[in-house]
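Content type mmCIF, C-alpha atoms and all ligand atoms, from the file query_14.cif:
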data_structure
loop_
_atom_site.label_atom_id
_atom_site.label_comp_id
_atom_site.auth_asym_id
_atom_site.auth_seq_id
_atom_site.Cartn_x
_atom_site.Cartn_y
_atom_site.Cartn_z
CA MET E 40 19.76 65.72 -146.13
CA ARG E 41 17.28 65.68 -143.27
CA VAL E 42 14.39 67.68 -144.68
CA LEU E 43 11.12 69.00 -143.27
CA VAL E 44 8.31 69.47 -145.80
CA THR E 45 5.42 71.59 -144.51
CA GLY E 46 2.22 70.86 -146.43
CA GLY E 47 3.73 67.55 -147.52
CA ALA E 48 0.32 65.88 -147.91
CA GLY E 49 -0.85 68.50 -150.42
CA TYR E 50 -1.27 68.42 -154.19
CA ILE E 51 2.40 69.24 -154.86
CA GLY E 52 3.76 68.28 -151.44
CA ASN E 53 3.28 64.52 -151.80
CA TYR E 54 5.27 64.59 -155.05
CA ILE E 55 8.08 66.35 -153.16
CA VAL E 56 8.01 63.66 -150.48
CA GLU E 57 8.27 60.98 -153.18
CA GLU E 58 11.12 62.74 -154.99
CA LEU E 59 13.09 63.34 -151.78
CA LEU E 60 12.73 59.71 -150.67
CA GLU E 61 13.77 58.48 -154.12
CA ASN E 62 16.88 60.66 -153.94
CA GLY E 63 17.89 59.18 -150.59
CA HIS E 64 16.89 62.03 -148.27
CA ASP E 65 15.36 61.69 -144.82
CA VAL E 66 11.92 63.31 -144.84
CA ARG E 67 9.54 64.67 -142.23
CA VAL E 68 6.11 66.04 -143.10
CA LEU E 69 4.27 68.64 -141.03
CA ASP E 70 0.68 69.07 -142.18
CA ASN E 71 -2.71 69.59 -140.55
CA PHE E 72 -4.28 67.37 -143.22
CA LEU E 73 -7.06 69.73 -144.31
CA PHE E 74 -7.68 67.39 -147.23
CA GLY E 75 -6.75 64.18 -145.42
CA ASP E 76 -3.52 62.23 -145.52
CA ASP E 77 -4.28 59.50 -148.06
CA SER E 78 -1.79 61.09 -150.44
CA LEU E 79 1.01 59.78 -148.21
CA ASP E 80 -0.27 56.18 -148.11
CA PRO E 81 2.32 54.75 -150.54
CA PHE E 82 5.19 56.05 -148.38
CA ARG E 83 3.71 55.63 -144.91
CA ASP E 84 5.92 52.71 -143.89
CA HIS E 85 9.09 54.09 -145.46
CA GLU E 86 11.93 54.00 -142.95
CA ARG E 87 13.11 57.49 -143.96
CA LEU E 88 9.69 59.14 -143.62
CA ASP E 89 8.23 60.63 -140.45
CA ILE E 90 4.71 62.10 -140.60
CA GLN E 91 3.63 64.68 -138.03
CA GLU E 92 0.18 66.19 -137.76
CA GLY E 93 0.35 69.81 -136.69
CA ASP E 94 -0.36 73.42 -137.58
CA ILE E 95 2.28 75.84 -138.87
CA ARG E 96 0.61 78.58 -136.79
CA HIS E 97 1.65 76.77 -133.61
CA ILE E 98 5.22 77.41 -132.56
CA GLU E 99 5.38 74.10 -130.62
CA ASP E 100 4.39 72.12 -133.72
CA LEU E 101 6.99 73.91 -135.84
CA SER E 102 9.67 73.51 -133.23
CA TYR E 103 8.99 69.80 -132.73
CA ALA E 104 8.96 69.23 -136.50
CA MET E 105 12.27 71.07 -137.01
CA GLU E 106 14.13 69.02 -134.43
CA ASP E 107 17.28 67.51 -136.07
CA ARG E 108 16.44 68.91 -139.55
CA GLU E 109 18.94 70.55 -141.93
CA ALA E 110 16.53 71.94 -144.50
CA VAL E 111 12.92 73.09 -144.75
CA ILE E 112 10.68 73.12 -147.84
CA HIS E 113 7.75 75.36 -146.96
CA MET E 114 4.63 74.42 -148.95
CA ALA E 115 1.82 74.68 -146.35
CA GLY E 116 -0.63 77.47 -146.83
CA ILE E 117 -4.08 78.52 -147.91
CA VAL E 118 -3.78 78.13 -151.65
CA GLY E 119 -5.49 80.01 -154.47
CA ASP E 120 -7.46 83.26 -154.82
CA PRO E 121 -10.91 81.83 -153.91
CA ALA E 122 -9.61 79.88 -150.89
CA CYS E 123 -7.80 82.95 -149.55
CA GLY E 124 -11.06 84.90 -149.72
CA VAL E 125 -12.95 82.44 -147.49
CA ASN E 126 -11.48 83.81 -144.25
CA GLU E 127 -9.07 86.68 -144.76
CA GLN E 128 -7.86 86.62 -141.17
CA ALA E 129 -6.99 82.96 -141.41
CA THR E 130 -5.17 83.65 -144.70
CA GLN E 131 -3.08 86.33 -143.03
CA ALA E 132 -2.31 84.05 -140.10
CA VAL E 133 -1.40 80.96 -142.17
CA ASN E 134 0.23 82.58 -145.20
CA VAL E 135 2.06 85.47 -143.55
CA GLU E 136 2.23 85.37 -139.73
CA ALA E 137 3.19 81.69 -139.67
CA THR E 138 6.04 82.44 -142.10
CA LYS E 139 7.53 84.84 -139.55
CA THR E 140 7.32 82.21 -136.83
CA LEU E 141 8.74 79.58 -139.15
CA VAL E 142 11.79 81.73 -139.93
CA GLU E 143 12.42 82.32 -136.21
CA VAL E 144 12.15 78.61 -135.45
CA CYS E 145 14.51 77.87 -138.37
CA LYS E 146 17.09 80.14 -136.70
CA LEU E 147 16.68 78.40 -133.33
CA HIS E 148 17.24 75.02 -134.97
CA ASP E 149 20.21 76.11 -137.12
CA ILE E 150 18.38 75.18 -140.33
CA GLN E 151 20.75 75.62 -143.30
CA ARG E 152 18.41 75.71 -146.28
CA LEU E 153 14.89 77.11 -146.61
CA VAL E 154 12.98 76.81 -149.90
CA PHE E 155 9.64 78.59 -150.16
CA ALA E 156 6.71 77.94 -152.52
CA SER E 157 5.61 81.25 -154.03
CA THR E 158 3.61 81.81 -157.19
CA CYS E 159 3.93 83.50 -160.60
CA SER E 160 0.60 85.19 -159.82
CA VAL E 161 2.67 87.80 -157.92
CA TYR E 162 3.21 89.33 -161.40
CA GLY E 163 -0.55 89.93 -161.79
CA ALA E 164 -1.49 91.60 -165.05
CA SER E 165 1.17 92.72 -167.46
CA GLU E 166 1.43 93.60 -171.11
CA LEU E 167 5.13 92.75 -171.14
CA MET E 168 6.10 89.98 -173.51
CA GLU E 169 7.89 88.11 -170.77
CA LEU E 170 8.19 88.71 -167.05
CA ASN E 171 11.31 87.69 -165.21
CA GLU E 172 12.34 87.50 -161.56
CA GLY E 173 13.26 91.20 -161.56
CA SER E 174 9.97 92.38 -163.05
CA TYR E 175 7.57 94.69 -161.28
CA LEU E 176 5.13 92.82 -159.03
CA ASN E 177 1.46 93.58 -159.45
CA PRO E 178 -0.56 91.37 -157.06
CA LEU E 179 -4.28 91.31 -157.87
CA SER E 180 -5.45 89.17 -154.99
CA LEU E 181 -4.95 88.58 -151.29
CA TYR E 182 -3.31 85.27 -152.19
CA ALA E 183 -0.66 86.98 -154.33
CA GLU E 184 -0.15 89.70 -151.71
CA SER E 185 0.32 87.14 -148.96
CA LYS E 186 2.98 85.38 -151.06
CA ILE E 187 4.88 88.63 -151.67
CA ASP E 188 4.80 89.37 -147.92
CA SER E 189 6.17 85.92 -147.19
CA GLU E 190 8.89 86.24 -149.83
CA GLU E 191 10.04 89.44 -148.14
CA ILE E 192 10.02 87.88 -144.69
CA ILE E 193 12.02 84.91 -145.94
CA LEU E 194 14.57 86.92 -147.91
CA HIS E 195 15.09 89.63 -145.29
CA GLU E 196 14.57 88.03 -141.90
CA THR E 197 16.66 84.91 -142.37
CA HIS E 198 19.79 86.85 -141.49
CA ASP E 199 20.67 86.57 -137.79
CA MET E 200 23.42 88.83 -136.52
CA PHE E 201 23.78 86.81 -133.31
CA SER E 202 24.36 83.49 -135.00
CA ASP E 203 27.24 82.13 -137.09
CA ASN E 204 24.80 79.91 -138.88
CA GLU E 205 23.00 81.76 -141.68
CA ILE E 206 19.91 80.29 -143.25
CA SER E 207 20.21 80.12 -147.00
CA PRO E 208 16.77 80.99 -148.44
CA THR E 209 15.46 80.37 -151.97
CA ILE E 210 12.11 81.46 -153.39
CA LEU E 211 10.44 79.41 -156.12
CA ARG E 212 7.63 81.17 -158.01
CA LEU E 213 5.62 78.33 -159.50
CA GLY E 214 3.45 78.62 -162.58
CA THR E 215 -0.14 77.37 -162.37
CA ILE E 216 0.11 73.67 -161.65
CA PHE E 217 -1.62 70.88 -163.55
CA GLY E 218 -1.67 67.11 -163.63
CA TRP E 219 -2.77 64.16 -161.57
CA SER E 220 -1.72 63.94 -157.94
CA ARG E 221 -2.56 61.62 -155.04
CA ARG E 222 -4.24 64.72 -153.52
CA MET E 223 -6.20 65.64 -156.59
CA ARG E 224 -7.33 69.21 -157.29
CA PHE E 225 -10.01 70.02 -159.86
CA ASP E 226 -9.91 73.76 -159.17
CA LEU E 227 -6.95 74.28 -161.52
CA VAL E 228 -7.58 75.14 -165.14
CA VAL E 229 -6.12 72.15 -167.01
CA ASN E 230 -7.53 69.65 -164.51
CA LEU E 231 -10.99 71.24 -164.45
CA LEU E 232 -11.29 71.47 -168.24
CA THR E 233 -10.17 67.85 -168.55
CA ALA E 234 -12.77 66.66 -166.02
CA LYS E 235 -15.53 68.61 -167.77
CA ALA E 236 -14.45 67.28 -171.14
CA VAL E 237 -14.44 63.67 -169.91
CA LEU E 238 -17.72 63.78 -167.99
CA GLU E 239 -19.75 66.41 -169.88
CA ASP E 240 -18.17 66.51 -173.37
CA ASP E 241 -17.96 70.24 -172.70
CA ILE E 242 -14.92 72.50 -172.46
CA PRO E 243 -16.19 75.94 -171.43
CA VAL E 244 -13.58 78.65 -171.98
CA TYR E 245 -14.31 81.97 -170.30
CA GLY E 246 -12.76 84.76 -172.33
CA GLY E 247 -9.70 82.76 -173.24
CA GLU E 248 -7.22 85.46 -174.27
CA GLN E 249 -5.49 85.48 -170.86
CA TYR E 250 -2.05 83.90 -170.58
CA ARG E 251 -0.91 81.52 -167.84
CA PRO E 252 2.43 79.83 -167.32
CA LEU E 253 1.66 76.17 -166.61
CA VAL E 254 3.80 73.49 -164.98
CA HIS E 255 3.16 69.88 -163.98
CA ALA E 256 3.03 69.10 -160.22
CA HIS E 257 5.72 66.47 -160.63
CA ASP E 258 8.03 68.93 -162.36
CA ALA E 259 7.39 71.55 -159.67
CA ALA E 260 8.38 68.97 -157.04
CA ARG E 261 11.56 68.15 -158.98
CA ALA E 262 12.49 71.84 -158.91
CA PHE E 263 12.34 71.98 -155.09
CA VAL E 264 14.61 68.96 -154.76
CA GLU E 265 16.96 70.30 -157.45
CA VAL E 266 17.35 73.57 -155.52
CA LEU E 267 17.99 71.70 -152.28
CA GLU E 268 20.72 69.64 -153.91
CA ALA E 269 22.33 72.55 -155.80
CA PRO E 270 25.50 74.22 -154.49
CA GLN E 271 24.45 76.75 -151.88
CA GLU E 272 26.19 79.66 -153.67
CA ALA E 273 24.06 79.06 -156.78
CA VAL E 274 20.70 79.36 -155.04
CA GLU E 275 20.99 81.32 -151.79
CA HIS E 276 18.91 84.49 -151.65
CA GLN E 277 17.72 83.77 -155.18
CA VAL E 278 14.24 83.90 -156.67
CA PHE E 279 13.50 81.46 -159.52
CA ASN E 280 10.42 81.17 -161.69
CA VAL E 281 9.54 77.49 -162.10
CA GLY E 282 8.12 76.40 -165.43
CA ASP E 283 8.96 76.38 -169.11
CA ASN E 284 8.90 79.18 -171.72
CA ASP E 285 6.95 76.84 -174.03
CA LEU E 286 4.26 76.28 -171.39
CA ASN E 287 2.99 79.89 -171.40
CA TYR E 288 -0.47 79.28 -172.84
CA GLN E 289 -3.59 81.28 -173.47
CA ILE E 290 -6.59 79.61 -171.84
CA LYS E 291 -8.22 79.14 -175.26
CA GLU E 292 -5.13 77.18 -176.35
CA VAL E 293 -5.43 75.00 -173.24
CA GLY E 294 -9.07 74.36 -174.24
CA ARG E 295 -7.95 73.28 -177.72
CA ILE E 296 -5.35 70.87 -176.34
CA VAL E 297 -7.94 69.27 -174.06
CA GLU E 298 -10.34 69.03 -177.02
CA GLU E 299 -7.72 67.24 -179.13
CA ASN E 300 -7.09 64.73 -176.35
CA VAL E 301 -10.61 63.93 -175.16
CA GLU E 302 -12.74 62.29 -177.81
CA GLY E 303 -16.18 63.77 -178.29
CA ALA E 304 -15.55 66.90 -176.22
CA GLU E 305 -15.82 70.38 -177.71
CA VAL E 306 -14.59 73.80 -176.72
CA ARG E 307 -17.40 76.26 -175.97
CA PHE E 308 -16.46 79.92 -175.76
CA VAL E 309 -18.36 81.80 -173.08
CA GLU E 310 -18.53 85.58 -173.24
CA HIS E 311 -16.92 86.86 -170.13
CA LYS E 312 -15.43 89.98 -168.67
CA GLU E 313 -11.78 89.29 -169.36
CA ASP E 314 -9.84 87.85 -166.44
CA GLU E 315 -7.54 90.64 -165.35
CA ARG E 316 -4.79 88.26 -164.48
CA THR E 317 -2.67 87.62 -167.53
CA TYR E 318 1.05 87.04 -167.56
CA ARG E 319 3.74 85.36 -169.62
CA VAL E 320 6.81 84.38 -167.71
CA SER E 321 10.44 83.70 -168.57
CA PHE E 322 11.98 80.56 -167.11
CA ASP E 323 15.47 81.24 -168.44
CA LYS E 324 17.04 81.81 -165.02
CA ILE E 325 16.36 78.36 -163.53
CA ASN E 326 17.36 76.83 -166.84
CA HIS E 327 20.63 78.75 -167.16
CA ILE E 328 21.74 78.55 -163.52
CA LEU E 329 20.62 75.04 -162.62
CA GLY E 330 20.18 73.46 -166.04
CA TRP E 331 16.69 72.56 -164.89
CA GLU E 332 13.84 71.94 -167.34
CA THR E 333 10.36 70.48 -167.31
CA GLU E 334 9.63 66.90 -168.37
CA ARG E 335 5.85 66.88 -168.76
CA ASP E 336 3.53 68.88 -171.00
CA ILE E 337 -0.23 69.56 -170.99
CA GLU E 338 -0.99 66.49 -173.10
CA ASP E 339 0.72 64.30 -170.46
CA GLY E 340 -1.43 65.90 -167.75
CA VAL E 341 -4.67 65.42 -169.70
CA GLU E 342 -3.83 61.79 -170.48
CA GLU E 343 -2.99 60.84 -166.90
CA ILE E 344 -6.10 62.56 -165.46
CA LYS E 345 -8.31 60.86 -168.06
CA GLY E 346 -6.78 57.48 -167.21
CA TRP E 347 -7.10 57.99 -163.46
CA MET E 348 -10.75 59.10 -163.74
CA ALA E 349 -11.65 56.07 -165.82
CA LYS E 350 -9.79 53.62 -163.59
CA ASN E 351 -11.28 54.99 -160.37
CA ASP E 352 -14.71 55.76 -161.76
CA ILE E 353 -14.53 59.45 -160.83
CA THR E 354 -17.90 60.96 -161.69
CA ASP E 355 -18.06 63.97 -159.39
CA TYR E 356 -15.18 66.38 -159.89
CA GLU E 357 -17.05 69.02 -157.86
CA GLN E 358 -16.67 67.20 -154.54
CA ASP E 359 -15.32 69.41 -151.75
CA ILE E 360 -12.17 67.36 -151.38
CA TYR E 361 -11.01 68.37 -154.87
CA ARG E 362 -11.42 72.11 -154.31
CA ASN E 363 -9.54 74.36 -151.90
CA SER E 364 -12.21 77.05 -151.57
CA THR E 365 -14.78 74.72 -149.98
CA TYR E 366 -12.82 74.32 -146.77
CA PRO E 367 -14.05 76.60 -143.90
CA TYR E 368 -10.61 77.94 -142.96
CA MET E 369 -10.40 78.82 -139.25
N1 LIG E 401 -1.17 74.57 -157.11
C1 LIG E 401 -0.73 75.63 -157.73
O1 LIG E 401 -1.14 75.96 -158.87
C2 LIG E 401 0.33 76.49 -157.08
C3 LIG E 401 0.91 77.50 -157.86
C4 LIG E 401 1.88 78.31 -157.27
C5 LIG E 401 2.27 78.12 -155.95
N2 LIG E 401 1.68 77.12 -155.23
C6 LIG E 401 2.09 76.98 -153.83
O2 LIG E 401 2.52 75.65 -153.57
C7 LIG E 401 2.15 75.28 -152.24
C8 LIG E 401 1.36 73.98 -152.25
O3 LIG E 401 0.18 74.15 -153.06
P1 LIG E 401 -0.77 72.91 -153.39
O4 LIG E 401 -1.37 73.15 -154.71
O5 LIG E 401 -0.04 71.64 -153.12
O6 LIG E 401 -1.92 73.14 -152.31
P2 LIG E 401 -2.66 72.15 -151.31
O7 LIG E 401 -3.79 72.91 -150.74
O8 LIG E 401 -2.96 70.85 -151.99
O9 LIG E 401 -1.57 71.88 -150.18
C9 LIG E 401 -1.42 72.67 -149.04
C10 LIG E 401 -1.13 71.75 -147.87
O10 LIG E 401 -0.89 72.58 -146.73
C11 LIG E 401 -1.60 72.04 -145.63
N3 LIG E 401 -1.91 73.13 -144.71
C12 LIG E 401 -2.76 74.18 -144.92
N4 LIG E 401 -2.81 74.96 -143.82
C13 LIG E 401 -1.95 74.42 -142.92
C14 LIG E 401 -1.58 74.77 -141.59
N5 LIG E 401 -2.10 75.83 -140.98
N6 LIG E 401 -0.68 73.98 -140.95
C15 LIG E 401 -0.15 72.87 -141.55
N7 LIG E 401 -0.50 72.49 -142.80
C16 LIG E 401 -1.38 73.25 -143.48
C17 LIG E 401 -2.86 71.41 -146.23
O11 LIG E 401 -3.40 70.42 -145.38
C18 LIG E 401 -2.31 70.84 -147.54
O12 LIG E 401 -1.86 69.51 -147.36
C19 LIG E 401 1.39 76.45 -151.65
O13 LIG E 401 2.25 77.23 -150.86
C20 LIG E 401 0.94 77.22 -152.88
O14 LIG E 401 0.74 78.58 -152.63
C21 LIG E 401 0.73 76.31 -155.77
#

Could you quickly redo this structure as structure tokens?
Amino acid sequence: MRVLVTGGAGYIGNYIVEELLENGHDVRVLDNFLFGDDSLDPFRDHERLDIQEGDIRHIEDLSYAMEDREAVIHMAGIVGDPACGVNEQATQAVNVEATKTLVEVCKLHDIQRLVFASTCSVYGASELMELNEGSYLNPLSLYAESKIDSEEIILHETHDMFSDNEISPTILRLGTIFGWSRRMRFDLVVNLLTAKAVLEDDIPVYGGEQYRPLVHAHDAARAFVEVLEAPQEAVEHQVFNVGDNDLNYQIKEVGRIVEENVEGAEVRFVEHKEDERTYRVSFDKINHILGWETERDIEDGVEEIKGWMAKNDITDYEQDIYRNSTYPYM
């Protein structure tokens, strides 16, 4: 397939590029490289990769990038609760308005498949044992709200009564991602606790009772490619949670796993007003319909981050480049 990946230089995006190329697809990236483009270095000269710098808010950039494409994986956005709070207008423009434009440009270019990166944080806080794709949504942040708005745009506005060619949309609600990536992020819980453990022998756990569904960046990328390659009838107009039932962890359990895997580091519980966001998610649907399952667990993520930090002498995990909320979104 000829695929466009928006946000292809990002933390998850570069894994998607790698997976698509490995599976024989032709890939184009559209990204404004907020965090640089080094993550694409290993693939830069690949004959099936085309890299375009541009902004998803600009219709010309989207239109140029969609030329001759059959499918779009839409990853670009302002990502995470703190980052979305930096400039709320920019968040609305990038995470919601640009989605509308993207859908219209998809129609103009007869795009067949559109896969969108949403988040399990749309479920917000819930006492339910397990949330599934039909559960009530309870967004507790602008980030989560912007994702719900985009889901609705993608599911409802892809239908075009004047065209024979219908876009087939799929929404993937990803758990909280962890693991090493060529665009590294240390503002995600597993990665941050690992960095603190390695450099400071300290694993501060705030509260700790709250649940999060976790999933490795590489596994998340595999899910996007799996959906793209699945029979259209199985995935069109579907929402799938992406993760693993066994990777629903309380933050205090994540702290313990990091402790067991980083010698000399100790969990320190910090009294804290409990994080309101707590949710356990069922991943049965993606497993039953596509037979998809995760390959990496938290221990794998901790090990690879530890190894990468040692090899590259990473001593400052607080650098701006590793955190999304430090960028002055315009
Ligand atoms: N990381 C997670 O825990 C997580 C969880 C659930 C969902 N997601 C979703 O997955 C997607 C990717 O997240 P990520 O962790 O890789 O984030 P990221 O910040 O590393 O990647 C986002 C990419 O989008 C690009 N981008 C931002 N604004 C743009 C614009 N206006 N035009 C073009 N490109 C732009 C950035 O340069 C970056 O390369 C996002 O949509 C995010 O909401 C991520």

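Rounded to one decimal, CA of Asp77 (chain E) and atom N4 of ligand LIG 401 (chain E) lie 16.1 Å from each other.
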
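Near Arg152 (chain E), within 9 Å and counting only C-alpha atoms, sit Glu109, Ala110, Val111, Ile112, Glu205, Ile206, Ser207, Pro208, Thr209, Leu267, Gln271 and Glu275 of chain E; same-chain residues fewer than 6 positions away were not included.
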
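Closest approach to ligand LIG 401 (chain E) among E:Glu92, E:Asp359, E:Glu196, E:Asp149: E:Glu92, based on all atoms listed in the file.
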
Per-axis box centre and lengths in Å around region 286-292 of chain E, 6 Å margin per side, axis-aligned, as JSON:
{"center_x": -2.0, "center_y": 78.8, "center_z": -173.9, "size_x": 24.5, "size_y": 17.0, "size_z": 17.0}

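Among the candidates E:Ile98, E:Val278, E:Ile51, E:Ile192, the residue lying nearest to ligand LIG 401 (chain E) is E:Ile51 (atoms considered: all atoms listed in the file).
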
Nearest residue to Tyr368 (chain E) from the set E:Asn126, E:Asn62, E:Ser78, E:Thr317 (distances using all atoms listed in the file)
E:Asn126

Within 6 Å of ligand LIG 401 (chain E), counting only C-alpha atoms and all ligand atoms, residues as a list of chain:residue names
E:Gly46, E:Gly47, E:Ala48, E:Gly49, E:Tyr50, E:Ile51, E:Gly52, E:Asp70, E:Asn71, E:Phe72, E:Leu73, E:Phe74, E:Gly93, E:Asp94, E:Ile95, E:Arg96, E:Met114, E:Ala115, E:Gly116, E:Ile117, E:Val118, E:Val133, E:Ala156, E:Ser157, E:Thr158, E:Leu213, E:Gly214, E:Thr215, E:Ile216
